[in-house]
Amino acid sequence: MTPKQTDTINSMLARDISEAEIAKSIGMSSAALRSYLHRHPELRRDIKRCRCCGKIVPQTPHKREKQFCSDTCRMSYWNAQRPTKKPRKDDGINPVSP
């Protein structure tokens, strides 16, 4: 595969053109294009990436879709999204003993 073909594939994938249309326009078989995409998983659209670090998140069939690669990423993502805590307003109900 020539560098021009790989650039064309990458640009067409970015524009959400189907794999069959890409293979037809480049003049290669759909099997060859699937093989290329299998060797370059970062280009595939159906691969889910971690919302925190961007790593590929393996999915289990027939289960809920995972969004994070680990608990560490999940917690750091949601902690970063959480708004800062506002100081509590003293309502005088529970006075602080000196």
# chains A, B, ... in the order shown; residues from 1 in each chain; ligands from 1
call {"tool": "residues_around", "arguments": {"residues": "Leu37 in chain A", "least_positions_apart": "5", "cutoff": "12 Å", "atoms": "only C-alpha atoms", "output": "list in words"}}
result
Thr6, Ile9, Asn10, Leu13, Glu19, Ile22, Ala23, Ser30, Ala31, Ala32, Glu42, Leu43, Arg44, Arg45, Asp46 and Ile47 of chain A
call {"tool": "write_last_selection", "arguments": {"atoms": "C-alpha atoms", "output": "PDB file, in the first residue's frame"}}
result
ATOM      1  CA  THR A   6      -2.973   5.433   3.317  1.00  0.00           C
ATOM      2  CA  ILE A   9      -7.955   6.060   3.583  1.00  0.00           C
ATOM      3  CA  ASN A  10      -7.299   8.175   6.667  1.00  0.00           C
ATOM      4  CA  LEU A  13     -12.407   7.564   7.388  1.00  0.00           C
ATOM      5  CA  GLU A  19     -15.290   1.051   4.207  1.00  0.00           C
ATOM      6  CA  ILE A  22     -13.308   3.654   0.396  1.00  0.00           C
ATOM      7  CA  ALA A  23     -12.140   0.316  -1.040  1.00  0.00           C
ATOM      8  CA  SER A  30     -12.554  -4.714   0.775  1.00  0.00           C
ATOM      9  CA  ALA A  31     -10.605  -7.594   2.345  1.00  0.00           C
ATOM     10  CA  ALA A  32      -7.329  -5.704   1.862  1.00  0.00           C
ATOM     11  CA  GLU A  42      -6.507   3.387  16.034  1.00  0.00           C
ATOM     12  CA  LEU A  43      -8.224   4.233  12.728  1.00  0.00           C
ATOM     13  CA  ARG A  44     -11.290   2.065  13.280  1.00  0.00           C
ATOM     14  CA  ARG A  45     -14.495   3.841  14.236  1.00  0.00           C
ATOM     15  CA  ASP A  46     -16.048   0.987  16.196  1.00  0.00           C
ATOM     16  CA  ILE A  47     -13.198   0.904  18.718  1.00  0.00           C
TER      17      ILE A  47
END
call {"tool": "select_by_dssp", "arguments": {"residues": "range 44-88 of chain A", "states": "helix (DSSP H, G or I)", "output": "MDAnalysis selection string"}}
result
chainID A and resid 71:81
call {"tool": "write_last_selection", "arguments": {"atoms": "C-alpha atoms", "output": "compact mmCIF listing (two decimals), in the first residue's frame"}}
result
# COMPACT_ATOMS: atom_id res chain seq x y z
CA ASP A 71 -10.93 2.48 37.84
CA THR A 72 -8.12 5.01 38.20
CA CYS A 73 -9.09 6.69 34.92
CA ARG A 74 -12.78 6.56 35.80
CA MET A 75 -12.28 8.23 39.17
CA SER A 76 -9.84 10.87 37.90
CA TYR A 77 -12.18 11.73 35.02
CA TRP A 78 -15.22 12.19 37.24
CA ASN A 79 -13.25 14.04 39.93
CA ALA A 80 -12.06 16.48 37.29
CA GLN A 81 -15.65 16.95 36.05
call {"tool": "closest_residue", "arguments": {"among": "A:Gly54, A:Pro83, A:Gly27, A:Pro3", "to": "Cys69 in chain A", "atoms": "only C-alpha atoms"}}
result
A:Gly54
call {"tool": "atom_distance", "arguments": {"atom1": "CA of Ala20 in chain A", "atom2": "CA of Asp7 in chain A"}}
result
16.6 Å
call {"tool": "closest_residue", "arguments": {"among": "A:Gln67, A:Thr8, A:Thr60, A:Thr2", "to": "Ser25 in chain A", "atoms": "only C-alpha atoms"}}
result
A:Thr8
call {"tool": "atom_distance", "arguments": {"atom1": "CA of Ala14 in chain A", "atom2": "CA of Leu33 in chain A"}}
result
15.1 Å
call {"tool": "atom_distance", "arguments": {"atom1": "CA of Ile56 in chain A", "atom2": "CA of Asp16 in chain A"}}
result
19.5 Å
